[in-house]
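S.K.: Take this structure first; my questions come after.
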Amino acid sequence: MAGVLEGIRVLDFGRYIAGPYCGALLGDLGAEVIRIEKLDGSEDRWMTPVVPDKEGVTFLQMNRNKLGITLNPTKPAGREVVARLVKTADVVVANLPVDTLKDMGLDYETLSAINPRIILATTSMFGSEGPYAQRVGFDTIGQAMSGAMYLSGWGDRPMRTAAPYVDFSTAYLNTIGVMAALMERQKSGKGQKVETALIRSALNAFNTQHIEQQVIHANRAAIGNRAWTAGPSDAFKCTDGWIFAMALGQPLFVRWCKLMGEEAWLNDPRFKDDLQRGNNGEVLSARMQAWCGERTVAAALEALATARIPAGPIYSPQQALDDPHVKDQKMFKQVEFPGAPRPVPYLDQAVKLSRSPLEIRHRPPLLGEHTDQVLEEIGYSKDEIAKLRKDRVV
């Protein structure tokens, strides 16, 4: 079955997560995505290796459904390769600093002069304007500057989250922007620049806290796993593991009180609403912990499910892979990769479309695996490709 973006060509100059994952999502949707990296391999290819002395986890996740070529676009002959590719392309993805984009000829002015229909999806730490425009950064800088790290942990020191949500949310926003630009191009016939920034994504994800702070000066402090405006909402230790459970809103709190045998608390002013339950969350968490401490994870979760109270086990990565629901729904697609001791598990169809599903069609490319194929498609002869190799252009 053809993908939604079949016929769309994407040039992916991205690194790490925010750019490459946008390319991966476009590839899942059916686009032809060409990953373009340094001659010796871009640094993100080798991070946290799981293939002996070779590819790492970040590269493997972000680069499925892509062809792979190597190229030095700073050389004149490399610029010519970029120009030929851009003439055939619909989208360029590049999460690189503004100056680097210009040095590589990947700024929008240069690209649109070659192909007025091109869409440039660019991501940086702080965006192309403002006093921090020249600074670089990663996901955790966004977590830090948004206030999220300040309010995470137990207050003794700021704490990041292990999941790079700033990078991934930026990739999602980038993908939405590209899809919107493609739709608009159907009307205007013109491309445009899609710009995202990690700081904007981080501020967006934590915007509720900014609203509360500015409007009522709540001055929240870190309180571990508890919620500021609900309760109980916390991590709880059972006899054989941990769970997370939460009661948000009055109906859930009523059901929780009945489960705990604490119906009197329904008339207690300390727990009259979510805000007060958050303010007195230590009491509620202590009661819930006493209940969980007498039960296994399975028994606690069964009772909470019967009472229709949201709860789930706190898993290790291996337990997440082994979860019966995850296995039953075949959430991970197993893809072989050369040299990897076991198949690579890819989350299959994070977004499910009933008629035109996303699809993981093939593994990530080996370094430069499709260089000759792509160059021949844009008009280079075998002799010309050999000279480009000799000159360290590809």
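Chain labels follow the order of the structure tokens: the first chain is A, the next B, and so on; residue numbering restarts at 1 in every chain, and ligands are counted from 1 in their shown order.
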As a PyMOL selection string, please: the residues near segment 194-200 of chain A (cut-off 8 Å, only C-alpha atoms, same-chain neighbours under 2 positions excluded).
M.R.: chain A and resi 119-127+138-139+141-142+145-146+166-167+170+173-174+177-178+181+192+202-204
S.K.: At a cut-off of 9 Å, using only C-alpha atoms, what residues contact segment 301-311 of chain A? Leave out same-chain residues fewer than 4 positions from it and give the result as a PyMOL selection string.
M.R.: chain A and resi 243-247+252-253+255-256+258-259+296-297
S.K.: Neighbours of Tyr172 of chain A within 8 Å (only C-alpha atoms; same-chain residues fewer than 4 positions away dropped), as a list in words?
M.R.: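 Here the qualifying residues turn out to be Cys22, Phe168 and Ile176 of chain A.
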S.K.: Which residue is closest to Gly189 of chain A? Choose from A:Arg135, A:Arg226, A:Arg220, A:Arg117 and count only C-alpha atoms.
M.R.: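 The shortest atom-to-atom distance to Gly189 of chain A comes from A:Arg117.
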S.K.: Applying 10 Å and only C-alpha atoms, which residues near Ala144 of chain A remain after dropping the ones on its own chain fewer than 4 positions away? List them as a PyMOL selection string.
M.R.: chain A and resi 139-140+148-151+158-160+199+202
S.K.: Could you save the residues just selected, with C-alpha atoms, as a PDB file, in the first residue's frame?
M.R.:
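Output saved as again.pdb:
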ATOM      1  CA  ASP A 139      17.535  18.459  24.765  1.00  0.00           C
ATOM      2  CA  THR A 140      18.563  18.823  28.406  1.00  0.00           C
ATOM      3  CA  ALA A 148      11.097  21.582  34.100  1.00  0.00           C
ATOM      4  CA  MET A 149      14.363  20.518  35.739  1.00  0.00           C
ATOM      5  CA  TYR A 150      13.830  23.001  38.580  1.00  0.00           C
ATOM      6  CA  LEU A 151      10.498  21.386  39.419  1.00  0.00           C
ATOM      7  CA  PRO A 158      17.494  19.810  39.790  1.00  0.00           C
ATOM      8  CA  MET A 159      16.761  16.607  37.904  1.00  0.00           C
ATOM      9  CA  ARG A 160      16.364  15.914  34.189  1.00  0.00           C
ATOM     10  CA  ILE A 199      13.766  26.084  23.615  1.00  0.00           C
ATOM     11  CA  ALA A 202      10.578  22.866  25.922  1.00  0.00           C
TER      12      ALA A 202
END
S.K.: Apply DSSP to the structure's backbone, then extract all residues of segment 59-231 of chain A labelled helix (DSSP H, G or I) and return them as a ChimeraX atom specification.
M.R.: /A:59-62,76-88,98-103,108-114,139-146,165-188,198-205,207-216
S.K.: Using only C-alpha atoms, find the one residue out of A:Ala221, A:Ala350, A:Leu367, A:Val81 that sits nearest to Pro338 of chain A.
M.R.: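 Using only C-alpha atoms, the shortest distance to Pro338 of chain A belongs to A:Leu367.
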S.K.: Write out as an MDAnalysis selection string which residues come within 9 Å of segment 111-114 of chain A when counting only C-alpha atoms, dropping same-chain ones fewer than 6 positions away.
M.R.: chainID A and resid 83:84 86:87 92 105 120 191:192
S.K.: Create the file for the chosen residues now, containing N, CA, C and O atoms and written as a CSV table (one decimal), in the first residue's frame.
M.R.:
chain,number,residue,atom,x,y,z
A,83,ALA,N,23.3,21.0,-4.9
A,83,ALA,CA,22.4,21.7,-5.9
A,83,ALA,C,21.6,20.7,-6.7
A,83,ALA,O,20.4,20.9,-6.9
A,84,ARG,N,22.3,19.7,-7.3
A,84,ARG,CA,21.5,18.7,-8.1
A,84,ARG,C,20.5,18.0,-7.3
A,84,ARG,O,19.4,17.7,-7.8
A,86,VAL,N,18.9,19.1,-4.6
A,86,VAL,CA,17.9,20.0,-4.2
A,86,VAL,C,16.9,20.2,-5.4
A,86,VAL,O,15.7,20.3,-5.2
A,87,LYS,N,17.4,20.2,-6.6
A,87,LYS,CA,16.5,20.4,-7.7
A,87,LYS,C,15.5,19.2,-7.8
A,87,LYS,O,14.4,19.4,-8.4
A,92,VAL,N,14.1,19.7,2.6
A,92,VAL,CA,15.4,19.6,3.2
A,92,VAL,C,15.2,19.7,4.7
A,92,VAL,O,14.6,20.6,5.2
A,105,GLY,N,25.6,25.9,2.4
A,105,GLY,CA,24.6,26.2,1.3
A,105,GLY,C,23.3,25.7,1.5
A,105,GLY,O,22.5,25.4,0.6
A,120,LEU,N,12.3,24.0,3.6
A,120,LEU,CA,13.4,23.8,4.5
A,120,LEU,C,12.9,23.6,5.9
A,120,LEU,O,12.3,24.6,6.4
A,191,GLY,N,7.5,26.8,-2.0
A,191,GLY,CA,8.0,26.3,-0.7
A,191,GLY,C,8.1,27.4,0.3
A,191,GLY,O,7.8,28.5,0.1
A,192,GLN,N,8.6,27.0,1.5
A,192,GLN,CA,8.8,27.9,2.5
A,192,GLN,C,9.7,27.3,3.6
A,192,GLN,O,10.0,26.1,3.6
S.K.: Check the DSSP output for the backbone and give back, as a list of chain:residue names, the residues of segment 308-347 of chain A in strand (DSSP E or B).
M.R.: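 Reading the DSSP output for segment 308-347 of chain A, strand (DSSP E or B) covers A:Ala311, A:Gly312, A:Pro313, A:Phe332, A:Lys333, A:Gln334, A:Val335, A:Val344, A:Pro345, A:Tyr346, A:Leu347.
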S.K.: Which one is closest to Pro357 of chain A: A:Ile36, A:Leu29, A:Met179, A:Ala340? Count only C-alpha atoms.
M.R.: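 Of A:Ile36, A:Leu29, A:Met179, A:Ala340, the one nearest Pro357 of chain A is A:Leu29, counting only C-alpha atoms.
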S.K.: With only C-alpha atoms as the basis for distance, which of A:Gly339, A:Gly7, A:Pro232, A:Gly41 is at the shortest distance from Arg277 of chain A?
M.R.: A:Pro232
S.K.: How far is it from atom CA of Ala89 of chain A to atom CA of Asp103 of chain A, in Å with one decimal?
M.R.: 20.0 Å
S.K.: Show which residues sit within 9 Å of Asn280 of chain A, as a PyMOL selection string. Count only C-alpha atoms, and ignore same-chain residues fewer than 4 positions away.
M.R.: chain A and resi 231+270-271+275-276+284
S.K.: Deliver the residues from the most recent selection as a file, using C-alpha atoms, as a tab-separated table (two decimals), in the first residue's frame.
M.R.:
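Wrote again08.tsv, looks like this:
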chain	number	residue	atom	x	y	z
A	231	GLY	CA	-3.86	13.57	44.92
A	270	ARG	CA	-8.15	19.15	53.41
A	271	PHE	CA	-9.32	17.19	50.36
A	275	LEU	CA	-5.91	21.95	44.66
A	276	GLN	CA	-6.33	21.06	48.33
A	284	LEU	CA	-2.89	10.82	50.66
S.K.: Excluding segment 317-325 of chain A and residues on its chain fewer than 6 positions from it, collect all residues at most 9 Å away from it, counting only C-alpha atoms, and give them as number ranges by chain.
M.R.: A: 331-332, 345
S.K.: Next, dump the selected residues to file, keeping only N, CA, C and O atoms, as a compact mmCIF listing (two decimals), in the first residue's frame.
M.R.:
# COMPACT_ATOMS: atom_id res chain seq x y z
N MET A 331 3.60 -4.11 19.18
CA MET A 331 3.97 -2.70 19.12
C MET A 331 5.39 -2.49 18.59
O MET A 331 5.70 -1.42 18.08
N PHE A 332 6.24 -3.50 18.74
CA PHE A 332 7.60 -3.39 18.22
C PHE A 332 7.76 -4.25 16.98
O PHE A 332 7.43 -5.44 17.00
N PRO A 345 14.37 -3.48 17.80
CA PRO A 345 12.92 -3.31 17.98
C PRO A 345 12.50 -1.86 17.72
O PRO A 345 12.92 -0.93 18.39
S.K.: Work out how far atom CA of Val136 of chain A is from atom CA of Thr48 of chain A, in Å to one decimal.
M.R.: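 Answer for the atom CA of Thr48 of chain A to atom CA of Val136 of chain A separation: 21.4 Å.
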S.K.: My list of candidates is A:Gln143, A:Ser128, A:Gln209, A:Val93. Which is closest to Ala162 of chain A when distances are computed with only C-alpha atoms?
M.R.: A:Gln143
S.K.: Using only C-alpha atoms, can you tell me which of A:Tyr346, A:Phe13, A:Tyr315, A:Tyr380 comes closest to Arg363 of chain A?
M.R.: A:Tyr346
S.K.: Could you please determine the separation between atom CA of Gly293 of chain A and atom CA of Gly241 of chain A in Å, to one decimal place?
M.R.: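 Spanning atom CA of Gly293 of chain A to atom CA of Gly241 of chain A is a straight-line distance of 9.8 Å.
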